[in-house]
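Printed here is work.txt (compact mmCIF, C-alpha atoms):
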```
# COMPACT_ATOMS: atom_id res chain seq x y z
CA MET I 296 10.89 -6.70 -3.76
CA ALA I 297 13.59 -5.14 -1.63
CA VAL I 298 13.75 -1.36 -1.81
CA THR I 299 17.15 -0.02 -0.88
CA LEU I 300 18.23 3.36 0.39
CA ALA I 301 19.98 3.78 -2.97
CA ASP I 302 16.60 3.28 -4.75
CA ILE I 303 15.02 5.97 -2.58
CA ARG I 304 17.91 8.37 -3.13
CA ALA I 305 17.78 7.77 -6.90
CA ALA I 306 14.02 8.46 -6.97
CA SER I 307 14.52 11.63 -4.94
CA GLU I 308 17.44 12.76 -7.13
CA ALA I 309 15.41 12.27 -10.32
CA LEU I 310 12.85 14.73 -8.97
CA ASN I 311 15.30 17.59 -8.38
CA GLY I 312 14.27 20.68 -10.27
CA HIS I 313 10.86 19.26 -11.20
CA ILE I 314 9.02 18.87 -7.91
CA VAL I 315 8.24 21.56 -5.35
CA ARG I 316 9.90 21.04 -1.97
CA THR I 317 6.63 21.34 -0.13
CA PRO I 318 6.55 22.48 3.49
CA THR I 319 5.32 20.59 6.49
CA VAL I 320 2.95 22.11 9.02
CA ARG I 321 2.17 21.01 12.55
CA ALA I 322 -1.28 19.47 12.95
CA THR I 323 -1.94 21.13 16.29
CA GLY I 324 -5.26 19.47 17.14
CA LEU I 325 -4.19 15.96 16.14
CA SER I 326 -0.82 16.41 17.84
CA ALA I 327 -2.57 17.23 21.11
CA GLU I 328 -5.07 14.39 20.69
CA LEU I 329 -2.38 11.81 19.90
CA GLY I 330 0.26 13.11 22.27
CA CYS I 331 2.91 13.59 19.60
CA ASP I 332 4.25 16.22 17.21
CA LEU I 333 2.31 15.31 14.06
CA ARG I 334 3.30 17.06 10.82
CA LEU I 335 1.47 17.20 7.50
CA LYS I 336 3.34 17.52 4.20
CA LEU I 337 1.50 19.95 1.91
CA GLU I 338 1.69 18.04 -1.36
CA THR I 339 -1.28 20.06 -2.62
CA GLN I 340 1.30 22.76 -3.38
CA GLN I 341 2.82 20.67 -6.18
CA HIS I 342 2.47 22.01 -9.74
CA THR I 343 -0.56 19.78 -10.33
CA GLY I 344 -2.13 19.98 -6.85
CA SER I 345 -1.21 16.47 -5.67
CA PHE I 346 1.73 14.15 -4.98
CA LYS I 347 1.18 12.35 -8.31
CA PRO I 348 3.92 14.16 -10.30
CA ARG I 349 6.51 12.32 -8.18
CA GLY I 350 5.44 9.04 -9.77
CA ALA I 351 4.90 10.33 -13.30
CA VAL I 352 8.22 12.19 -13.47
CA ASN I 353 10.13 9.21 -12.07
CA ALA I 354 8.33 6.82 -14.43
CA LEU I 355 9.22 9.02 -17.41
CA LYS I 356 12.84 9.34 -16.29
CA SER I 357 13.08 5.54 -16.16
CA LEU I 358 12.31 5.31 -19.90
CA PRO I 359 14.96 5.42 -22.63
CA ASP I 360 15.18 8.76 -24.50
CA ALA I 361 14.02 7.08 -27.73
CA ALA I 362 10.80 5.96 -26.02
CA ILE I 363 10.18 9.40 -24.51
CA ARG I 364 10.52 11.07 -27.94
CA LYS I 365 7.66 8.88 -29.23
CA GLY I 366 5.32 10.36 -26.63
CA ILE I 367 3.40 9.13 -23.61
CA ILE I 368 -0.21 8.13 -23.04
CA THR I 369 -2.26 7.21 -20.00
CA ALA I 370 -5.80 6.72 -18.78
CA SER I 371 -6.73 8.59 -15.63
CA GLY I 372 -9.57 9.96 -13.57
CA GLY I 373 -7.62 13.19 -13.33
CA ASN I 374 -4.70 13.58 -10.91
CA HIS I 375 -2.45 10.97 -12.53
CA GLY I 376 -3.40 12.41 -15.93
CA LYS I 377 -2.40 15.89 -14.79
CA ALA I 378 0.90 14.45 -13.54
CA VAL I 379 1.60 12.66 -16.83
CA ALA I 380 0.79 15.87 -18.73
CA TYR I 381 3.24 17.72 -16.47
CA ALA I 382 5.92 15.04 -17.00
CA GLY I 383 5.40 15.30 -20.76
CA TRP I 384 5.76 19.08 -20.55
CA ILE I 385 9.04 18.67 -18.63
CA ALA I 386 10.36 16.18 -21.20
CA LYS I 387 9.07 18.26 -24.13
CA THR I 388 7.25 15.26 -25.52
CA ARG I 389 3.71 14.63 -26.70
CA ALA I 390 1.35 13.41 -23.98
CA ILE I 391 -2.23 12.19 -24.36
CA VAL I 392 -4.54 11.52 -21.43
CA TYR I 393 -7.78 9.57 -21.69
CA LEU I 394 -10.30 10.70 -19.10
CA PRO I 395 -13.62 9.10 -18.21
CA SER I 396 -16.58 11.28 -19.16
CA SER I 397 -17.23 11.76 -15.43
CA ALA I 398 -13.91 13.59 -14.90
CA PRO I 399 -14.30 17.20 -13.71
CA PRO I 400 -13.72 19.77 -16.49
CA GLU I 401 -10.97 21.49 -14.44
CA LYS I 402 -8.88 18.29 -14.66
CA ALA I 403 -9.03 18.46 -18.47
CA ALA I 404 -8.21 22.19 -18.35
CA THR I 405 -5.04 21.56 -16.31
CA ILE I 406 -4.01 18.73 -18.64
CA LYS I 407 -4.47 21.07 -21.62
CA ALA I 408 -2.52 23.84 -19.84
CA PHE I 409 0.52 21.54 -19.74
CA GLY I 410 0.22 21.10 -23.50
CA ALA I 411 -1.13 17.56 -23.44
CA GLY I 412 -3.93 16.25 -25.56
CA TRP I 413 -6.92 14.70 -23.84
CA ARG I 414 -9.87 12.65 -24.88
CA PHE I 415 -12.98 11.59 -23.04
CA GLY I 416 -14.18 8.01 -23.04
CA GLN I 417 -17.34 6.58 -21.53
CA ARG I 418 -15.69 3.82 -19.50
CA TRP I 419 -12.28 2.72 -18.24
CA ARG I 420 -12.28 -0.31 -20.51
CA GLU I 421 -12.71 2.00 -23.51
CA ALA I 422 -9.85 4.19 -22.36
CA THR I 423 -7.41 1.37 -21.67
CA THR I 424 -8.26 -0.34 -24.96
CA GLU I 425 -7.74 2.92 -26.84
CA ILE I 426 -4.39 3.71 -25.23
CA ALA I 427 -3.17 0.18 -25.99
CA ARG I 428 -4.25 0.63 -29.64
CA MET I 429 -2.59 4.05 -29.89
CA SER I 430 0.59 2.78 -28.28
CA LEU I 431 0.83 -0.03 -30.82
CA GLU I 432 0.31 2.40 -33.70
CA SER I 433 2.61 5.19 -32.53
CA ARG I 434 4.96 3.27 -30.24
CA ALA I 435 4.20 5.85 -27.52
CA ALA I 436 4.96 4.71 -23.99
CA ILE I 437 2.02 3.95 -21.73
CA VAL I 438 2.50 5.50 -18.29
CA PHE I 439 0.24 3.96 -15.66
CA ALA I 440 0.29 4.73 -11.99
CA ALA I 441 2.59 2.13 -10.42
CA ALA I 442 0.98 -0.56 -8.32
CA PRO I 443 1.09 0.63 -4.68
CA ALA I 444 3.28 -2.30 -3.60
CA SER I 445 5.75 -2.05 -6.50
CA ALA I 446 9.38 -1.24 -5.74
CA ALA I 447 9.18 1.85 -7.96
CA SER I 448 6.11 3.15 -6.13
CA ILE I 449 7.64 2.50 -2.73
CA SER I 450 10.85 4.32 -3.72
CA ARG I 451 8.89 7.35 -4.95
CA ASN I 452 6.75 7.46 -1.82
CA ARG I 453 9.74 7.11 0.46
CA SER I 454 11.39 9.99 -1.38
CA ILE I 455 8.66 12.15 0.23
CA SER I 456 9.65 10.78 3.65
CA ALA I 457 13.35 11.34 2.98
CA ARG I 458 12.73 14.98 2.13
CA SER I 459 10.47 15.39 5.18
CA VAL I 460 13.13 13.98 7.49
CA ALA I 461 15.62 16.48 6.08
CA MET I 462 13.21 19.35 6.83
CA ILE I 463 12.43 18.46 10.46
CA PRO I 464 15.62 17.82 12.45
CA ALA I 465 14.00 16.08 15.42
CA ILE I 466 11.82 13.74 13.38
CA ARG I 467 11.82 10.07 14.28
CA PRO I 468 9.89 7.25 12.62
CA ALA I 469 6.82 6.03 14.49
CA PRO I 470 4.04 3.60 13.65
CA ALA I 471 0.86 5.24 12.43
CA PRO I 472 -1.85 5.13 15.08
CA ARG I 473 -5.07 3.36 14.27
CA LEU I 474 -7.74 6.04 14.43
CA PRO I 475 -11.47 5.35 14.67
CA LEU I 476 -13.33 6.58 11.60
CA PRO I 477 -16.73 8.21 12.06
CA GLY I 478 -19.53 5.83 11.11
CA VAL I 479 -17.21 2.82 10.79
CA SER I 480 -17.27 0.13 13.43
CA SER I 481 -14.19 -1.99 14.01
```
Represent the supplied structure as structure tokens.
Amino acid sequence: MAVTLADIRAASEALNGHIVRTPTVRATGLSAELGCDLRLKLETQQHTGSFKPRGAVNALKSLPDAAIRKGIITASGGNHGKAVAYAGWIAKTRAIVYLPSSAPPEKAATIKAFGAGWRFGQRWREATTEIARMSLESRAAIVFAAAPASAASISRNRSISARSVAMIPAIRPAPAPRLPLPGVSS
């Protein structure tokens, strides 16, 4: 699973016009503590409040137009569902999101605001079984969050890094420090 610079550029290009170019801010306290200039990318300023639209928009753009016209469905605890609803809104296609009954009502409200349908299910198994059934009946595409180690997921995530590097001229890659977590012994 080799991810090339071309893959990252293609993922970033597919997002143009659909994703907010979020700012970075200096994490003053952590920068002082770690002895470096640590920046945070404010992905909470995306249209759905998280980085998830990057994956959903890229996933949708990887589908053939004929598949997109048939609609998209997913099962989600909320943020991925909001992102799929947003991607459906961009593509002007029908989107349906199955949420567990424990999902916060504001997640369903955002999904509805993007014009997507949503349904509550009691358990994940119910939701995934239902979206598989619906996909077979309607031929709608199922859009799941990509596995974290998949090439597509890595390309989308690195598109965030590529845009960050462009925003901060003196940025240089560095390994992430291992920080002690409160209440967790190593």
Would you work out the distance separating CA of Ser396 (chain I) from CA of Gly410 (chain I), expressed in Å to one decimal?
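Computing it gives 19.9 Å between the two atoms.
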Between I:Ala327, I:Ala382, I:Ala435, I:Met429, single out the one closest to Ala411 (chain I), counting only C-alpha atoms.
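Answer, going by the shortest atom-to-atom distance: I:Ala382.
Nearest to Thr369 (chain I) of all the residues I:Ala403, I:Leu300, I:Leu394, I:Val320 is I:Leu394, based on only C-alpha atoms.
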Go through I:Leu333, I:Ala301, I:Ala378, I:Ala306 and flag the residue nearest Ser345 (chain I), using all atoms listed in the file for the distances.
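The closest residue to Ser345 (chain I) is I:Ala378.
The two atoms in question, CA of Arg321 (chain I) and CA of Arg349 (chain I), are spaced 22.9 Å apart.
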Just the number, please: distance in Å from CA of Gly376 (chain I) to CA of Arg434 (chain I), one decimal.
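Value for the CA of Gly376 (chain I)-CA of Arg434 (chain I) distance: 18.9 Å.
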Quick one: everything within 9 Å of Pro348 (chain I), counting only C-alpha atoms, minus sequence neighbours fewer than 3 positions away in the same chain. Send it as a compact mmCIF listing (two decimals) with C-alpha atoms, in the coordinates of the input.
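To be explicit, this is the file written out as out-v3.txt:
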```
# COMPACT_ATOMS: atom_id res chain seq x y z
CA HIS I 313 10.86 19.26 -11.20
CA ILE I 314 9.02 18.87 -7.91
CA GLN I 341 2.82 20.67 -6.18
CA HIS I 342 2.47 22.01 -9.74
CA THR I 343 -0.56 19.78 -10.33
CA SER I 345 -1.21 16.47 -5.67
CA ALA I 351 4.90 10.33 -13.30
CA VAL I 352 8.22 12.19 -13.47
CA ASN I 353 10.13 9.21 -12.07
CA ASN I 374 -4.70 13.58 -10.91
CA HIS I 375 -2.45 10.97 -12.53
CA LYS I 377 -2.40 15.89 -14.79
CA ALA I 378 0.90 14.45 -13.54
CA VAL I 379 1.60 12.66 -16.83
CA TYR I 381 3.24 17.72 -16.47
CA ALA I 382 5.92 15.04 -17.00
```
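In this comparison, which uses all atoms listed in the file, the residue of I:Thr319, I:Thr339, I:Glu328, I:Ala386 approaching Pro359 (chain I) most closely is I:Ala386.
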Counting only C-alpha atoms, the residue among I:Gly366, I:Ser371, I:Leu358, I:Gly412 that lies closest to Glu432 (chain I) is I:Gly366
Using all atoms listed in the file, which of the listed residues (I:Ile303, I:Val298, I:Ile406, I:Val315) sits closest to Arg389 (chain I)?
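Answer, going by the shortest atom-to-atom distance: I:Ile406.
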